[in-house]
Amino acid sequence: MIRTTEQVVMVLGTMKGVAMKLGQMMSVLDLDLVPEDHRERFQQRLAVLRNAAPTVSFESMREVIEQDFGRPLAELFAEFDPEPIAAASIGQVYKARLHDGRSVAVKVQYPGVDIAVRADLKNLTMFRRVLASAMPWITPAVLDELKLNMEAELDYRAEAATQSEIATLYRGHPFVVVPDAVPELSTTRVLVSEFIEGTGFEDIAKMPAAERDRVGEIVYRFYVGSLFTFNEFCGDPHPGNVLLAADGRVAFLDFGLFNRMDPKLVHFEKLCLRAAAEERAEDLRQLMIDRGVIDSPEEIGAEECLEYVLAASEWCLVDETLTITPELASGAFLLAVDPRASEFTGMKQQNLPPEHLFSRRADFLTFGMLGQLDCTANWHSIAREWLYDEPPVTELGRAHHEWLATRPQKPAKKPRKATTR
């Protein structure tokens, strides 16, 4: 594991946006899985990725804003704090005030990061073998999907439009809030949105168990439940994108990797999860063969297929109260992706279609976040709302369904080209 990590860091060491994005993804892993005498060294290697954000002066960032708008900063904002309040994967976030008095968050791309990311993505193709030694799910199709998604993330104007749509979708929700974007003040490299004051994820993780459990259920409903409720989901679950507002609602940020899926594909995932929950191994295997997930049926037995799905998703498929620990979340992730693990060798050689890979990635990263919160729930009883269309059994679920009943029915949107073929 140490050697593989060093290889990956070596490949990614000269990269900017891609390294930061992968560093974010890997930050949900718990280091308790690493032998104690190697833990410090392993943490140092991962820190290279997690802390890959470049140091850029405010004057350089200010120049990006003024270049994109063709106007001085003072004309655009009444006040602008030069100290960043957060780091995005490819930029910095600042707090400012508009001339109409609104407080806003301003996300600004690092100068030249768009060129660097595109170069990184070309290099990823060259270094696919090295990366695949650590992450065997990196196939040519997955790389193509990653390129499409990361190139889309470079366009803040498109992200602002998406964020406005999601803010409208969740307007009036009892426990979820998405800050509205300000499209007229958003460009390709600058995204301006409503500023929300809130408690960060690290401090949420220190709260009493009841509050952590509540936030955990909300995180699960937003990042996983939305796929089955709205046929769309945020593909970038990450602790840095979550805030607990003063009114108790949870704010979700960053919609550069937002995905819509064909309802038929969402239904396929629902059928697979149902089959796994009910331990219908033969049905699950046949579903995967028909969809092309299993392209070598002679190598995969029904029980291996079932056990593989349960290894990754048993936490939300078994009807029991479960505390998700960091070790539990990281163990499931490593079991699924580590090519050296002897379990499920046949399943790991199969080719998961990219559109499903990104929904499963969102599921894994959400699981990792819940592990960091060390929260407890009967996750399956919550999931039955969208897997079996059953009535909610939690207070949050009832509030959510009351809100859903007030929403006008709208025609389904077309899937985004970047995530559905």
# chains A, B, ... in the order shown; residues from 1 in each chain; ligands from 1

$ residues_around --residues "region 251-268 of chain A" --least-positions-apart "2" --cutoff "9 Å" --atoms "only C-alpha atoms" --output "ChimeraX atom specification"
/A:88,149-150,152-156,158-160,162-163,166,175-179,196,198,219,222,227-228,230-236,240-245,249,270-273,287,291,355-356,358-359,412-420

$ residues_around --residues "region 360-376 of chain A" --least-positions-apart "3" --cutoff "6 Å" --atoms "only C-alpha atoms" --output "NGL selection string"
:A and (28 or 205 or 212-213 or 216 or 235 or 237 or 322-326 or 329 or 357)

$ select_by_dssp --residues "region 56-99 of chain A" --states "helix (DSSP H, G or I)" --output "PyMOL selection string"
chain A and resi 58-69+73-76

$ write_last_selection --atoms "N, CA and C atoms" --output "PDB file, in the first residue's frame"
ATOM      1  N   PHE A  58      -3.313  37.241  -3.514  1.00  0.00           N
ATOM      2  CA  PHE A  58      -4.630  37.821  -3.778  1.00  0.00           C
ATOM      3  C   PHE A  58      -4.592  38.691  -5.036  1.00  0.00           C
ATOM      4  N   GLU A  59      -3.477  39.352  -5.286  1.00  0.00           N
ATOM      5  CA  GLU A  59      -3.395  40.206  -6.476  1.00  0.00           C
ATOM      6  C   GLU A  59      -3.579  39.377  -7.746  1.00  0.00           C
ATOM      7  N   SER A  60      -3.012  38.170  -7.759  1.00  0.00           N
ATOM      8  CA  SER A  60      -3.181  37.302  -8.932  1.00  0.00           C
ATOM      9  C   SER A  60      -4.633  36.846  -9.066  1.00  0.00           C
ATOM     10  N   MET A  61      -5.261  36.538  -7.932  1.00  0.00           N
ATOM     11  CA  MET A  61      -6.655  36.119  -7.965  1.00  0.00           C
ATOM     12  C   MET A  61      -7.567  37.290  -8.351  1.00  0.00           C
ATOM     13  N   ARG A  62      -7.241  38.462  -7.866  1.00  0.00           N
ATOM     14  CA  ARG A  62      -7.995  39.670  -8.223  1.00  0.00           C
ATOM     15  C   ARG A  62      -7.919  39.915  -9.733  1.00  0.00           C
ATOM     16  N   GLU A  63      -6.753  39.654 -10.292  1.00  0.00           N
ATOM     17  CA  GLU A  63      -6.572  39.849 -11.732  1.00  0.00           C
ATOM     18  C   GLU A  63      -7.491  38.926 -12.530  1.00  0.00           C
ATOM     19  N   VAL A  64      -7.693  37.682 -12.041  1.00  0.00           N
ATOM     20  CA  VAL A  64      -8.606  36.752 -12.712  1.00  0.00           C
ATOM     21  C   VAL A  64     -10.013  37.349 -12.750  1.00  0.00           C
ATOM     22  N   ILE A  65     -10.472  37.888 -11.614  1.00  0.00           N
ATOM     23  CA  ILE A  65     -11.822  38.472 -11.539  1.00  0.00           C
ATOM     24  C   ILE A  65     -11.940  39.642 -12.500  1.00  0.00           C
ATOM     25  N   GLU A  66     -10.976  40.533 -12.448  1.00  0.00           N
ATOM     26  CA  GLU A  66     -11.070  41.742 -13.260  1.00  0.00           C
ATOM     27  C   GLU A  66     -10.913  41.435 -14.749  1.00  0.00           C
ATOM     28  N   GLN A  67     -10.122  40.434 -15.085  1.00  0.00           N
ATOM     29  CA  GLN A  67     -10.006  40.034 -16.490  1.00  0.00           C
ATOM     30  C   GLN A  67     -11.326  39.487 -17.004  1.00  0.00           C
ATOM     31  N   ASP A  68     -11.984  38.634 -16.203  1.00  0.00           N
ATOM     32  CA  ASP A  68     -13.224  38.015 -16.660  1.00  0.00           C
ATOM     33  C   ASP A  68     -14.349  39.029 -16.813  1.00  0.00           C
ATOM     34  N   PHE A  69     -14.380  40.037 -15.936  1.00  0.00           N
ATOM     35  CA  PHE A  69     -15.474  41.029 -15.994  1.00  0.00           C
ATOM     36  C   PHE A  69     -15.113  42.271 -16.790  1.00  0.00           C
ATOM     37  N   LEU A  73     -12.456  45.620  -9.412  1.00  0.00           N
ATOM     38  CA  LEU A  73     -13.118  44.878  -8.337  1.00  0.00           C
ATOM     39  C   LEU A  73     -14.105  45.759  -7.574  1.00  0.00           C
ATOM     40  N   ALA A  74     -13.750  47.020  -7.358  1.00  0.00           N
ATOM     41  CA  ALA A  74     -14.597  47.922  -6.571  1.00  0.00           C
ATOM     42  C   ALA A  74     -15.934  48.201  -7.255  1.00  0.00           C
ATOM     43  N   GLU A  75     -15.973  48.093  -8.573  1.00  0.00           N
ATOM     44  CA  GLU A  75     -17.244  48.288  -9.279  1.00  0.00           C
ATOM     45  C   GLU A  75     -18.155  47.071  -9.120  1.00  0.00           C
ATOM     46  N   LEU A  76     -17.561  45.932  -8.930  1.00  0.00           N
ATOM     47  CA  LEU A  76     -18.331  44.699  -8.834  1.00  0.00           C
ATOM     48  C   LEU A  76     -18.835  44.441  -7.419  1.00  0.00           C
TER      49      LEU A  76
END

$ residues_around --residues "Tyr388 (chain A)" --least-positions-apart "2" --cutoff "10 Å" --atoms "only C-alpha atoms" --output "compact mmCIF listing (two decimals) with all heavy atoms, in the first residue's frame"
# COMPACT_ATOMS: atom_id res chain seq x y z
N LYS A 270 -31.80 0.46 -8.57
CA LYS A 270 -32.78 0.14 -7.53
C LYS A 270 -33.06 -1.36 -7.51
O LYS A 270 -33.11 -1.99 -6.44
CB LYS A 270 -34.07 0.93 -7.77
CG LYS A 270 -35.13 0.74 -6.70
CD LYS A 270 -36.44 1.43 -7.08
CE LYS A 270 -36.31 2.92 -7.13
NZ LYS A 270 -37.64 3.57 -7.30
N LEU A 271 -33.24 -1.96 -8.68
CA LEU A 271 -33.51 -3.40 -8.76
C LEU A 271 -32.34 -4.21 -8.21
O LEU A 271 -32.54 -5.22 -7.52
CB LEU A 271 -33.80 -3.81 -10.20
CG LEU A 271 -35.10 -3.28 -10.82
CD1 LEU A 271 -35.21 -3.73 -12.27
CD2 LEU A 271 -36.31 -3.74 -10.02
N ARG A 274 -32.31 -3.94 -4.41
CA ARG A 274 -33.39 -4.76 -3.86
C ARG A 274 -32.99 -6.24 -3.86
O ARG A 274 -33.19 -6.95 -2.87
CB ARG A 274 -34.66 -4.60 -4.69
CG ARG A 274 -35.46 -3.34 -4.44
CD ARG A 274 -36.71 -3.40 -5.32
NE ARG A 274 -37.50 -2.21 -5.25
CZ ARG A 274 -38.57 -1.99 -6.01
NH1 ARG A 274 -38.94 -2.90 -6.91
NH2 ARG A 274 -39.27 -0.88 -5.89
N ALA A 383 -33.53 3.91 3.52
CA ALA A 383 -33.42 3.64 2.08
C ALA A 383 -34.68 3.00 1.51
O ALA A 383 -34.95 3.13 0.30
CB ALA A 383 -32.22 2.73 1.81
N ARG A 384 -35.46 2.34 2.33
CA ARG A 384 -36.68 1.70 1.84
C ARG A 384 -37.66 2.72 1.27
O ARG A 384 -38.52 2.37 0.45
CB ARG A 384 -37.35 0.86 2.94
CG ARG A 384 -36.55 -0.37 3.31
CD ARG A 384 -37.31 -1.26 4.28
NE ARG A 384 -38.40 -1.99 3.61
CZ ARG A 384 -38.26 -3.18 3.05
NH1 ARG A 384 -37.08 -3.78 3.04
NH2 ARG A 384 -39.29 -3.78 2.48
N GLU A 385 -37.53 3.97 1.66
CA GLU A 385 -38.37 5.03 1.08
C GLU A 385 -38.20 5.10 -0.43
O GLU A 385 -39.16 5.27 -1.18
CB GLU A 385 -38.04 6.40 1.70
CG GLU A 385 -38.38 6.52 3.17
CD GLU A 385 -37.89 7.85 3.73
OE1 GLU A 385 -37.84 8.84 2.96
OE2 GLU A 385 -37.56 7.90 4.93
N TRP A 386 -36.94 5.02 -0.89
CA TRP A 386 -36.71 5.13 -2.34
C TRP A 386 -36.50 3.78 -3.02
O TRP A 386 -36.68 3.67 -4.22
CB TRP A 386 -35.55 6.08 -2.64
CG TRP A 386 -34.26 5.84 -1.91
CD1 TRP A 386 -33.32 4.90 -2.20
CD2 TRP A 386 -33.75 6.57 -0.79
NE1 TRP A 386 -32.25 5.00 -1.34
CE2 TRP A 386 -32.48 6.02 -0.46
CE3 TRP A 386 -34.22 7.66 -0.04
CZ2 TRP A 386 -31.70 6.50 0.60
CZ3 TRP A 386 -33.44 8.13 1.01
CH2 TRP A 386 -32.20 7.56 1.32
N GLU A 390 -41.76 2.95 0.24
CA GLU A 390 -42.47 2.80 1.50
C GLU A 390 -42.54 4.13 2.24
O GLU A 390 -41.71 5.03 2.01
CB GLU A 390 -41.78 1.75 2.37
CG GLU A 390 -41.90 0.34 1.83
CD GLU A 390 -41.32 -0.71 2.76
OE1 GLU A 390 -40.75 -0.34 3.80
OE2 GLU A 390 -41.45 -1.91 2.43
N PRO A 391 -43.52 4.30 3.14
CA PRO A 391 -43.62 5.55 3.91
C PRO A 391 -42.42 5.70 4.85
O PRO A 391 -41.83 4.70 5.28
CB PRO A 391 -44.93 5.39 4.68
CG PRO A 391 -45.18 3.93 4.71
CD PRO A 391 -44.61 3.37 3.45

$ closest_residue --among "A:Arg398, A:Glu307, A:Pro82, A:Phe77" --to "Ser57 (chain A)" --atoms "only C-alpha atoms"
A:Pro82

$ select_by_dssp --residues "region 141-265 of chain A" --states "strand (DSSP E)" --output "ChimeraX atom specification"
/A:176-177,190-194,198-200,232-234,242-245,250-252,258-260
